[in-house]
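*Asks:* Contents are PDB, C-alpha atoms; file name upload27.pdb:
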MODEL        1
ATOM      1  CA  MET C 687     105.282 109.771  53.588
ATOM      2  CA  SER C 688     101.492 109.715  53.340
ATOM      3  CA  ASP C 689      99.661 110.353  56.631
ATOM      4  CA  PRO C 690     102.335 108.870  58.888
ATOM      5  CA  VAL C 691     101.578 108.000  62.486
ATOM      6  CA  LEU C 692     103.984 109.575  64.969
ATOM      7  CA  ILE C 693     105.426 107.229  67.566
ATOM      8  CA  THR C 694     107.452 108.962  70.239
ATOM      9  CA  GLY C 695     109.988 106.874  72.097
ATOM     10  CA  ALA C 696     110.385 104.731  68.974
ATOM     11  CA  ALA C 697     113.872 103.625  70.046
ATOM     12  CA  GLY C 698     112.461 102.484  73.374
ATOM     13  CA  PHE C 699     111.074  99.090  74.302
ATOM     14  CA  ILE C 700     107.324  99.523  73.762
ATOM     15  CA  GLY C 701     107.744 102.210  71.099
ATOM     16  CA  PHE C 702     109.888  99.898  68.998
ATOM     17  CA  HIS C 703     107.321  97.105  69.134
ATOM     18  CA  VAL C 704     104.407  99.412  68.323
ATOM     19  CA  ALA C 705     106.313 100.948  65.401
ATOM     20  CA  ARG C 706     107.230  97.506  64.045
ATOM     21  CA  ARG C 707     103.604  96.401  64.203
ATOM     22  CA  MET C 708     102.378  99.575  62.481
ATOM     23  CA  LEU C 709     104.892  99.107  59.693
ATOM     24  CA  ALA C 710     103.794  95.483  59.286
ATOM     25  CA  LEU C 711     100.219  96.742  58.910
ATOM     26  CA  GLY C 712     101.314  98.998  56.044
ATOM     27  CA  ARG C 713     101.318 102.286  57.951
ATOM     28  CA  ALA C 714     103.984 104.905  57.416
ATOM     29  CA  VAL C 715     105.713 105.730  60.691
ATOM     30  CA  VAL C 716     107.755 108.664  61.900
ATOM     31  CA  GLY C 717     109.621 107.706  65.048
ATOM     32  CA  VAL C 718     111.193 110.241  67.371
ATOM     33  CA  ASP C 719     113.545 109.543  70.263
ATOM     34  CA  ASN C 720     116.343 111.392  72.028
ATOM     35  CA  VAL C 721     118.315 108.137  72.557
ATOM     36  CA  SER C 722     119.017 109.110  76.156
ATOM     37  CA  PRO C 723     121.798 107.316  78.069
ATOM     38  CA  TYR C 724     119.410 106.182  80.843
ATOM     39  CA  TYR C 725     120.286 102.724  79.549
ATOM     40  CA  ASP C 726     122.622 101.522  76.788
ATOM     41  CA  PRO C 727     122.044 103.672  73.672
ATOM     42  CA  ALA C 728     123.468 100.833  71.547
ATOM     43  CA  LEU C 729     120.349  98.782  72.294
ATOM     44  CA  LYS C 730     118.154 101.695  71.255
ATOM     45  CA  ARG C 731     120.064 102.158  68.002
ATOM     46  CA  ALA C 732     119.791  98.435  67.287
ATOM     47  CA  ARG C 733     116.024  98.750  67.570
ATOM     48  CA  VAL C 734     116.009 101.729  65.180
ATOM     49  CA  LYS C 735     118.106  99.757  62.718
ATOM     50  CA  GLN C 736     115.482  97.004  62.745
ATOM     51  CA  LEU C 737     112.725  99.525  62.038
ATOM     52  CA  ALA C 738     114.645 101.241  59.246
ATOM     53  CA  ALA C 739     115.063  97.898  57.501
ATOM     54  CA  ALA C 740     111.288  97.534  57.280
ATOM     55  CA  GLY C 741     110.929 100.572  55.000
ATOM     56  CA  ASN C 742     108.384 103.432  55.171
ATOM     57  CA  PHE C 743     109.992 104.534  58.423
ATOM     58  CA  ARG C 744     111.680 107.826  59.213
ATOM     59  CA  PHE C 745     113.639 108.298  62.415
ATOM     60  CA  VAL C 746     114.095 111.718  64.000
ATOM     61  CA  GLU C 747     116.605 111.983  66.830
ATOM     62  CA  SER C 748     115.253 114.828  68.904
ATOM     63  CA  ASP C 749     114.293 115.712  72.462
ATOM     64  CA  LEU C 750     110.583 116.435  72.859
ATOM     65  CA  ALA C 751     111.404 118.845  75.681
ATOM     66  CA  GLU C 752     112.940 121.127  73.022
ATOM     67  CA  ARG C 753     109.906 123.272  72.252
ATOM     68  CA  ASP C 754     110.889 124.693  68.864
ATOM     69  CA  ALA C 755     112.152 121.388  67.450
ATOM     70  CA  THR C 756     108.982 119.574  68.539
ATOM     71  CA  ALA C 757     106.763 122.297  67.074
ATOM     72  CA  ARG C 758     108.580 121.991  63.737
ATOM     73  CA  LEU C 759     108.189 118.201  63.741
ATOM     74  CA  PHE C 760     104.429 118.479  64.137
ATOM     75  CA  ALA C 761     104.086 121.347  61.668
ATOM     76  CA  ASP C 762     106.038 119.456  59.007
ATOM     77  CA  HIS C 763     103.917 116.302  59.144
ATOM     78  CA  LYS C 764     100.430 117.169  60.492
ATOM     79  CA  PHE C 765     100.205 113.739  62.106
ATOM     80  CA  PRO C 766      96.626 112.398  62.091
ATOM     81  CA  GLN C 767      97.478 110.016  64.941
ATOM     82  CA  VAL C 768     100.095 110.243  67.660
ATOM     83  CA  VAL C 769     101.213 107.417  69.942
ATOM     84  CA  HIS C 770     103.186 109.067  72.732
ATOM     85  CA  LEU C 771     105.411 106.513  74.476
ATOM     86  CA  ALA C 772     108.499 108.632  75.142
ATOM     87  CA  ALA C 773     109.169 109.214  78.832
ATOM     88  CA  GLN C 774     111.747 109.111  81.545
ATOM     89  CA  ALA C 775     110.912 105.727  83.038
ATOM     90  CA  GLY C 776     111.771 104.090  86.334
ATOM     91  CA  VAL C 777     110.442 104.549  89.855
ATOM     92  CA  ARG C 778     113.772 104.242  91.665
ATOM     93  CA  TYR C 779     115.642 106.572  89.310
ATOM     94  CA  SER C 780     113.079 109.281  90.110
ATOM     95  CA  LEU C 781     114.394 109.285  93.684
ATOM     96  CA  VAL C 782     117.844 110.398  92.548
ATOM     97  CA  ASN C 783     117.185 112.462  89.401
ATOM     98  CA  PRO C 784     113.766 114.130  89.737
ATOM     99  CA  HIS C 785     114.505 116.847  87.192
ATOM    100  CA  ALA C 786     114.751 114.269  84.408
ATOM    101  CA  TYR C 787     111.061 113.495  84.985
ATOM    102  CA  VAL C 788     110.041 117.137  84.865
ATOM    103  CA  ASP C 789     111.916 117.648  81.593
ATOM    104  CA  ALA C 790     110.795 114.493  79.776
ATOM    105  CA  ASN C 791     107.405 113.688  81.280
ATOM    106  CA  LEU C 792     106.012 117.171  81.863
ATOM    107  CA  GLN C 793     107.785 119.564  79.498
ATOM    108  CA  GLY C 794     108.005 116.967  76.746
ATOM    109  CA  PHE C 795     104.335 116.045  77.091
ATOM    110  CA  VAL C 796     103.011 119.604  76.986
ATOM    111  CA  ASN C 797     104.997 120.123  73.775
ATOM    112  CA  VAL C 798     103.337 117.016  72.306
ATOM    113  CA  LEU C 799      99.911 118.272  73.375
ATOM    114  CA  GLU C 800     100.589 121.634  71.766
ATOM    115  CA  GLY C 801     101.774 119.924  68.584
ATOM    116  CA  CYS C 802      98.586 117.875  68.447
ATOM    117  CA  ARG C 803      96.389 120.892  69.179
ATOM    118  CA  HIS C 804      97.818 123.125  66.476
ATOM    119  CA  ASN C 805      98.239 120.574  63.687
ATOM    120  CA  GLY C 806      94.968 118.720  63.345
ATOM    121  CA  CYS C 807      95.743 115.531  65.266
ATOM    122  CA  ARG C 808      92.630 113.344  65.298
ATOM    123  CA  ASN C 809      93.727 110.950  68.045
ATOM    124  CA  LEU C 810      96.361 110.926  70.778
ATOM    125  CA  VAL C 811      97.179 107.673  72.556
ATOM    126  CA  PHE C 812      99.650 108.145  75.396
ATOM    127  CA  ALA C 813     101.438 106.022  77.962
ATOM    128  CA  SER C 814     100.544 106.250  81.605
ATOM    129  CA  SER C 815     101.545 103.692  84.225
ATOM    130  CA  SER C 816     100.186 101.352  86.865
ATOM    131  CA  SER C 817     102.369 103.376  89.251
ATOM    132  CA  VAL C 818      99.610 105.997  89.426
ATOM    133  CA  TYR C 819      97.683 103.689  91.790
ATOM    134  CA  GLY C 820     100.289 104.564  94.418
ATOM    135  CA  ALA C 821      99.003 104.052  97.949
ATOM    136  CA  ASN C 822      95.835 102.243  96.775
ATOM    137  CA  THR C 823      95.433  98.775  98.304
ATOM    138  CA  LYS C 824      92.066  97.653  96.891
ATOM    139  CA  LEU C 825      92.731  94.983  94.264
ATOM    140  CA  PRO C 826      92.434  94.613  91.363
ATOM    141  CA  PHE C 827      93.247  98.190  90.425
ATOM    142  CA  SER C 828      90.372  99.724  88.448
ATOM    143  CA  THR C 829      90.410 102.836  86.266
ATOM    144  CA  SER C 830      87.347 103.940  88.230
ATOM    145  CA  ASP C 831      89.459 104.118  91.407
ATOM    146  CA  ASN C 832      90.723 107.430  92.738
ATOM    147  CA  VAL C 833      94.474 107.813  92.110
ATOM    148  CA  ASP C 834      95.323 110.939  94.073
ATOM    149  CA  HIS C 835      98.057 109.405  96.242
ATOM    150  CA  PRO C 836     101.191 108.682  94.154
ATOM    151  CA  ILE C 837     104.205 107.492  96.128
ATOM    152  CA  SER C 838     106.960 108.421  93.656
ATOM    153  CA  LEU C 839     107.651 111.407  91.434
ATOM    154  CA  TYR C 840     107.522 109.083  88.433
ATOM    155  CA  ALA C 841     103.953 108.129  89.377
ATOM    156  CA  ALA C 842     103.049 111.767  89.984
ATOM    157  CA  SER C 843     104.374 112.728  86.543
ATOM    158  CA  LYS C 844     102.217 110.045  84.907
ATOM    159  CA  LYS C 845      99.124 111.168  86.815
ATOM    160  CA  ALA C 846      99.971 114.698  85.677
ATOM    161  CA  ASN C 847     100.046 113.474  82.064
ATOM    162  CA  GLU C 848      96.522 112.106  82.439
ATOM    163  CA  LEU C 849      95.303 115.433  83.837
ATOM    164  CA  MET C 850      97.103 117.494  81.200
ATOM    165  CA  ALA C 851      95.588 115.392  78.425
ATOM    166  CA  HIS C 852      92.144 115.821  79.967
ATOM    167  CA  ALA C 853      92.543 119.595  79.993
ATOM    168  CA  TYR C 854      93.374 119.573  76.261
ATOM    169  CA  ALA C 855      90.502 117.189  75.536
ATOM    170  CA  HIS C 856      88.144 119.540  77.350
ATOM    171  CA  LEU C 857      89.463 122.824  75.978
ATOM    172  CA  TYR C 858      90.327 121.831  72.408
ATOM    173  CA  ARG C 859      88.340 118.605  71.884
ATOM    174  CA  LEU C 860      91.562 116.684  71.293
ATOM    175  CA  PRO C 861      90.672 112.979  71.636
ATOM    176  CA  ALA C 862      93.117 111.495  74.142
ATOM    177  CA  THR C 863      93.415 107.952  75.496
ATOM    178  CA  GLY C 864      95.771 107.136  78.356
ATOM    179  CA  LEU C 865      97.119 103.623  78.879
ATOM    180  CA  ARG C 866      98.229 102.455  82.316
ATOM    181  CA  PHE C 867     100.844  99.808  81.519
ATOM    182  CA  PHE C 868     101.476  97.041  84.034
ATOM    183  CA  THR C 869     105.062  95.644  84.156
ATOM    184  CA  VAL C 870     105.645  95.120  80.440
ATOM    185  CA  TYR C 871     108.286  92.549  79.440
ATOM    186  CA  GLY C 872     109.436  90.610  76.409
ATOM    187  CA  PRO C 873     112.044  90.597  73.619
ATOM    188  CA  TRP C 874     113.975  93.838  73.122
ATOM    189  CA  GLY C 875     113.086  94.784  76.700
ATOM    190  CA  ARG C 876     114.649  97.294  79.062
ATOM    191  CA  PRO C 877     117.837  96.449  80.991
ATOM    192  CA  ASP C 878     116.535  98.284  84.076
ATOM    193  CA  MET C 879     113.502  96.020  84.492
ATOM    194  CA  ALA C 880     113.197  92.880  86.601
ATOM    195  CA  MET C 881     113.097  90.266  83.849
ATOM    196  CA  TRP C 882     116.339  91.501  82.245
ATOM    197  CA  ILE C 883     118.088  92.155  85.566
ATOM    198  CA  PHE C 884     117.260  88.670  86.841
ATOM    199  CA  ALA C 885     118.343  86.902  83.642
ATOM    200  CA  THR C 886     121.642  88.760  83.552
ATOM    201  CA  ALA C 887     122.377  88.059  87.217
ATOM    202  CA  ILE C 888     121.613  84.341  86.833
ATOM    203  CA  LEU C 889     123.920  83.984  83.831
ATOM    204  CA  GLU C 890     126.705  85.967  85.509
ATOM    205  CA  GLY C 891     126.405  84.122  88.825
ATOM    206  CA  ARG C 892     125.482  87.227  90.795
ATOM    207  CA  PRO C 893     122.765  87.379  93.466
ATOM    208  CA  ILE C 894     119.295  88.622  92.542
ATOM    209  CA  GLN C 895     117.923  91.288  94.854
ATOM    210  CA  LEU C 896     114.303  90.551  95.760
ATOM    211  CA  PHE C 897     112.615  93.346  97.660
ATOM    212  CA  ASN C 898     109.842  92.976 100.236
ATOM    213  CA  HIS C 899     111.709  89.787 101.223
ATOM    214  CA  GLY C 900     110.651  88.086  97.989
ATOM    215  CA  ARG C 901     106.928  88.688  98.465
ATOM    216  CA  MET C 902     106.470  91.141  95.570
ATOM    217  CA  ARG C 903     103.718  90.366  93.054
ATOM    218  CA  ARG C 904     103.484  91.990  89.645
ATOM    219  CA  ASP C 905     100.923  91.843  86.848
ATOM    220  CA  PHE C 906     103.500  90.943  84.173
ATOM    221  CA  THR C 907     102.189  91.900  80.715
ATOM    222  CA  TYR C 908     103.781  90.516  77.563
ATOM    223  CA  VAL C 909     104.725  93.194  75.061
ATOM    224  CA  ASP C 910     102.738  91.696  72.155
ATOM    225  CA  ASP C 911      99.565  92.081  74.223
ATOM    226  CA  VAL C 912     100.437  95.707  74.863
ATOM    227  CA  VAL C 913     100.979  96.295  71.149
ATOM    228  CA  GLU C 914      97.632  94.704  70.279
ATOM    229  CA  SER C 915      95.909  97.005  72.745
ATOM    230  CA  VAL C 916      97.601 100.091  71.287
ATOM    231  CA  VAL C 917      96.835  99.116  67.697
ATOM    232  CA  ARG C 918      93.152  98.621  68.483
ATOM    233  CA  LEU C 919      92.970 102.078  70.042
ATOM    234  CA  VAL C 920      94.936 104.070  67.452
ATOM    235  CA  ASP C 921      91.959 104.206  65.089
ATOM    236  CA  ARG C 922      89.411 104.498  67.891
ATOM    237  CA  PRO C 923      89.499 108.083  69.213
ATOM    238  CA  ALA C 924      88.100 108.619  72.677
ATOM    239  CA  ARG C 925      84.539 109.948  72.748
ATOM    240  CA  PRO C 926      82.702 111.910  75.408
ATOM    241  CA  ASP C 927      80.725 109.703  77.777
ATOM    242  CA  PRO C 928      77.122 110.956  77.687
ATOM    243  CA  ALA C 929      76.446 109.307  81.056
ATOM    244  CA  TRP C 930      79.369 111.025  82.796
ATOM    245  CA  SER C 931      78.269 113.230  85.691
ATOM    246  CA  GLY C 932      80.133 115.891  87.580
ATOM    247  CA  MET C 933      78.038 115.027  90.609
ATOM    248  CA  GLN C 934      79.552 111.525  90.700
ATOM    249  CA  PRO C 935      82.626 111.771  88.433
ATOM    250  CA  ASP C 936      84.012 108.499  87.113
ATOM    251  CA  PRO C 937      87.833 108.921  86.981
ATOM    252  CA  SER C 938      88.105 106.664  83.906
ATOM    253  CA  GLY C 939      85.973 108.782  81.559
ATOM    254  CA  SER C 940      84.743 112.293  80.937
ATOM    255  CA  ALA C 941      82.287 114.588  79.227
ATOM    256  CA  ALA C 942      85.350 115.424  77.106
ATOM    257  CA  PRO C 943      86.818 113.009  74.519
ATOM    258  CA  TRP C 944      89.188 111.415  77.030
ATOM    259  CA  ARG C 945      89.572 107.864  78.300
ATOM    260  CA  ILE C 946      91.839 105.799  80.549
ATOM    261  CA  TYR C 947      92.484 102.033  80.250
ATOM    262  CA  ASN C 948      94.506  99.531  82.224
ATOM    263  CA  ILE C 949      96.790  97.418  80.036
ATOM    264  CA  GLY C 950      97.641  94.444  82.219
ATOM    265  CA  ASN C 951      97.484  90.670  82.224
ATOM    266  CA  ASN C 952      94.868  90.559  84.995
ATOM    267  CA  ASN C 953      96.975  87.937  86.792
ATOM    268  CA  PRO C 954      99.592  88.962  89.396
ATOM    269  CA  VAL C 955     102.628  86.688  89.655
ATOM    270  CA  GLU C 956     105.124  86.360  92.495
ATOM    271  CA  LEU C 957     108.624  87.457  91.536
ATOM    272  CA  MET C 958     109.975  84.235  92.997
ATOM    273  CA  HIS C 959     107.929  82.301  90.419
ATOM    274  CA  VAL C 960     109.477  84.412  87.659
ATOM    275  CA  VAL C 961     112.931  83.588  89.027
ATOM    276  CA  ARG C 962     112.106  79.868  88.906
ATOM    277  CA  LEU C 963     110.920  80.143  85.290
ATOM    278  CA  LEU C 964     114.100  81.968  84.337
ATOM    279  CA  GLU C 965     116.161  79.252  86.031
ATOM    280  CA  ASP C 966     114.321  76.579  84.026
ATOM    281  CA  ASN C 967     114.787  78.394  80.717
ATOM    282  CA  LEU C 968     118.396  79.424  81.337
ATOM    283  CA  GLY C 969     119.422  76.090  82.821
ATOM    284  CA  ARG C 970     121.101  77.713  85.817
ATOM    285  CA  LYS C 971     120.203  78.304  89.448
ATOM    286  CA  ALA C 972     119.722  81.746  90.938
ATOM    287  CA  GLU C 973     121.180  83.082  94.152
ATOM    288  CA  CYS C 974     118.602  85.297  95.862
ATOM    289  CA  GLU C 975     119.181  88.139  98.307
ATOM    290  CA  LEU C 976     116.011  89.056 100.240
ATOM    291  CA  LEU C 977     115.723  92.762 101.057
ATOM    292  CA  PRO C 978     113.092  95.103 102.588
ATOM    293  CA  MET C 979     110.731  97.263 100.522
ATOM    294  CA  GLN C 980     112.257 100.122  98.574
ATOM    295  CA  PRO C 981     110.893 103.696  98.728
ATOM    296  CA  GLY C 982     108.335 104.319  95.975
ATOM    297  CA  ASP C 983     107.576 100.606  95.454
ATOM    298  CA  VAL C 984     104.268  98.821  96.015
ATOM    299  CA  PRO C 985     103.953  95.174  97.102
ATOM    300  CA  GLU C 986     101.475  94.116  94.396
ATOM    301  CA  THR C 987      99.953  95.265  91.110
ATOM    302  CA  TYR C 988      96.834  93.736  89.573
ATOM    303  CA  ALA C 989      94.891  95.186  86.640
ATOM    304  CA  ASN C 990      91.158  95.126  86.097
ATOM    305  CA  VAL C 991      90.836  95.198  82.291
ATOM    306  CA  ASP C 992      87.065  94.804  81.917
ATOM    307  CA  ASP C 993      86.781  98.235  80.261
ATOM    308  CA  LEU C 994      89.360  97.316  77.629
ATOM    309  CA  MET C 995      87.566  94.073  76.840
ATOM    310  CA  ARG C 996      84.212  95.828  76.642
ATOM    311  CA  ASP C 997      85.391  98.604  74.333
ATOM    312  CA  VAL C 998      87.885  96.901  71.994
ATOM    313  CA  GLY C 999      87.189  93.182  72.485
ATOM    314  CA  PHE C1000      90.645  92.290  73.747
ATOM    315  CA  ARG C1001      92.382  91.498  77.012
ATOM    316  CA  PRO C1002      96.058  90.589  77.493
ATOM    317  CA  SER C1003      96.376  86.851  78.019
ATOM    318  CA  THR C1004      99.938  85.642  77.289
ATOM    319  CA  THR C1005     100.929  83.371  80.164
ATOM    320  CA  ILE C1006     104.035  84.156  82.155
ATOM    321  CA  GLU C1007     105.416  80.738  81.166
ATOM    322  CA  ASP C1008     105.133  81.504  77.438
ATOM    323  CA  GLY C1009     106.346  85.060  77.859
ATOM    324  CA  VAL C1010     109.460  84.149  79.829
ATOM    325  CA  ARG C1011     110.333  81.432  77.311
ATOM    326  CA  GLN C1012     110.127  83.927  74.429
ATOM    327  CA  PHE C1013     112.084  86.572  76.317
ATOM    328  CA  VAL C1014     114.897  84.146  77.159
ATOM    329  CA  ALA C1015     115.069  82.907  73.557
ATOM    330  CA  TRP C1016     115.509  86.491  72.340
ATOM    331  CA  TYR C1017     117.956  87.402  75.116
ATOM    332  CA  ARG C1018     120.232  84.459  74.375
ATOM    333  CA  GLY C1019     120.111  85.149  70.649
ATOM    334  CA  TYR C1020     120.835  88.857  71.038
ATOM    335  CA  PHE C1021     123.800  88.364  73.351
ATOM    336  CA  GLY C1022     124.954  84.995  72.008
ATOM    337  CA  ARG C1023     124.658  83.484  75.485
TER     338      ARG C1023
ENDMDL
END
Please render this file's structure as structure tokens.
*Replies:*
Amino acid sequence: MSDPVLITGAAGFIGFHVARRMLALGRAVVGVDNVSPYYDPALKRARVKQLAAAGNFRFVESDLAERDATARLFADHKFPQVVHLAAQAGVRYSLVNPHAYVDANLQGFVNVLEGCRHNGCRNLVFASSSSVYGANTKLPFSTSDNVDHPISLYAASKKANELMAHAYAHLYRLPATGLRFFTVYGPWGRPDMAMWIFATAILEGRPIQLFNHGRMRRDFTYVDDVVESVVRLVDRPARPDPAWSGMQPDPSGSAAPWRIYNIGNNNPVELMHVVRLLEDNLGRKAECELLPMQPGDVPETYANVDDLMRDVGFRPSTTIEDGVRQFVAWYRGYFGR
């Protein structure tokens, strides 16, 4: 394979979509994933099967936390670009299994950074999360905001990823761009996320649990918009900001080749509205159970994406109405429901 791009988490939701788009653009792709049982591995293998059918794709089943195996992967291919999307996801799961986040999000990420450092990587794009905004209440969330108050270990691990990448950008001039994803949804999504959980509950006649007594708002971002953002940044390595000052440090940039972007739809939506759209598209009514806030959750997310628009000429814009319709069409087709 000539100059393949490495996509970690290629059997995952966003990784699958990014890999499929890269293959469609004529790029060779090496995808790595440990196919963890956090959710149904059969769904992950179905995604890999789709990618393999496209050709010019090699799948490596491996755990990035395994230092020697990850070092060999990088040494064998000398990836010019790396899109790191593998992670242990989920805020609530981090409350019950914190060590999974240390292994995948910290140990796995330092092994990726080392692989990039020692093998000539020219650009690293990596997943962060809107969860890093934590206790912040000023909306919309801006990459220039301080994010030193995470309220879950998952969020803390993603903030740690941003800091680790900055250290490597500073020390080794490794260009690194972090992407704070805001509630991504769409076809081939994750069964642990709201859109999938709600659709399944509606079809099975079970109640939907709505936290914060149904007053949650999320900046739902359709997966195709996420992919477009990633693709535009893969060939655009971060550059040092000549205006950056240590006297008044902007958290979104650096004197090192390091950058942070929000990837969100810039339009928060009430979860109750999403439920109504799912009802319309599924042709069934939902039963809702209103519950208090859960530990680690925030009542609202809202992305400022002006920096993304300024630098790459794109902002996510798929409406929630269009996105839900496309998700439901895929969901029904996949499950025959």
*Asks:* Scan for residues within 12 Å of the point (94.3, 96.6, 83.2) in the coordinates of the file, using all atoms listed in the file, and reply as an NGL selection string.
*Replies:* :C and (814-816 or 819 or 825-830 or 864-870 or 905-907 or 911-912 or 915 or 938 or 946-954 or 987-995 or 1000-1003)
*Asks:* I'd like the residues picked by the PyMOL selection byres ((chain C and resi 897-903) around 7) written out as a ChimeraX atom specification, using the chain letters and numbers from the file.
*Replies:* /C:895-896,904-905,954-958,976-980,985-987
*Asks:* To test your reading of the syntax: which residues would the PyMOL selection byres ((chain C and resi 768) around 10) return for the file shown? Reply as a list in words.
*Replies:*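 Here the PyMOL selection byres ((chain C and resi 768) around 10) matches Pro690, Val691, Leu692, Ile693, Thr694, Val716, Phe760, Lys764, Phe765, Pro766, Gln767, Val769, His770, Leu771, Val798, Leu799, Gly801, Cys802, Cys807, Arg808, Asn809, Leu810, Val811, Phe812, Ala862 and Val920 of chain C.
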*Asks:* Given the selection you just returned, output its residues as a file containing C-alpha atoms, formatted as a compact mmCIF listing (two decimals), in the frame of the given file.
*Replies:*
# COMPACT_ATOMS: atom_id res chain seq x y z
CA PRO C 690 102.34 108.87 58.89
CA VAL C 691 101.58 108.00 62.49
CA LEU C 692 103.98 109.58 64.97
CA ILE C 693 105.43 107.23 67.57
CA THR C 694 107.45 108.96 70.24
CA VAL C 716 107.76 108.66 61.90
CA PHE C 760 104.43 118.48 64.14
CA LYS C 764 100.43 117.17 60.49
CA PHE C 765 100.20 113.74 62.11
CA PRO C 766 96.63 112.40 62.09
CA GLN C 767 97.48 110.02 64.94
CA VAL C 769 101.21 107.42 69.94
CA HIS C 770 103.19 109.07 72.73
CA LEU C 771 105.41 106.51 74.48
CA VAL C 798 103.34 117.02 72.31
CA LEU C 799 99.91 118.27 73.38
CA GLY C 801 101.77 119.92 68.58
CA CYS C 802 98.59 117.88 68.45
CA CYS C 807 95.74 115.53 65.27
CA ARG C 808 92.63 113.34 65.30
CA ASN C 809 93.73 110.95 68.04
CA LEU C 810 96.36 110.93 70.78
CA VAL C 811 97.18 107.67 72.56
CA PHE C 812 99.65 108.14 75.40
CA ALA C 862 93.12 111.50 74.14
CA VAL C 920 94.94 104.07 67.45
*Asks:* Write out as a Markdown table the residues of segment 827-850 of chain C that have any atom within 12 Å of an atom of segment 923-937 of chain C, one row each with the nearest atom pair and its distance in Å to one decimal, counting only C-alpha atoms, sorted by chain and then rising number.
*Replies:*
| residue | atom | partner | partner_atom | distance |
| --- | --- | --- | --- | --- |
| C:Ser828 | CA | C:Pro937 | CA | 9.7 |
| C:Thr829 | CA | C:Pro937 | CA | 6.6 |
| C:Ser830 | CA | C:Pro937 | CA | 5.2 |
| C:Asp831 | CA | C:Pro937 | CA | 6.7 |
| C:Asn832 | CA | C:Pro937 | CA | 6.6 |
| C:Val833 | CA | C:Pro937 | CA | 8.5 |
| C:Asp834 | CA | C:Pro937 | CA | 10.5 |
| C:Lys845 | CA | C:Pro937 | CA | 11.5 |
| C:Glu848 | CA | C:Pro937 | CA | 10.3 |
| C:Leu849 | CA | C:Pro937 | CA | 10.4 |
*Asks:* Name all residues at most 12 Å from Pro836 of chain C (count all atoms listed in the file; drop same-chain ones fewer than 3 positions away) and give them as a list in words.
*Replies:*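 Using all atoms listed in the file, the neighbours found are Val777, Ser815, Ser816, Ser817, Val818, Tyr819, Gly820, Ala821, Asn822, Asn832, Val833, Leu839, Tyr840, Ala841, Ala842, Ser843, Lys844, Lys845, Ala846, Pro981, Gly982, Asp983 and Val984 of chain C.
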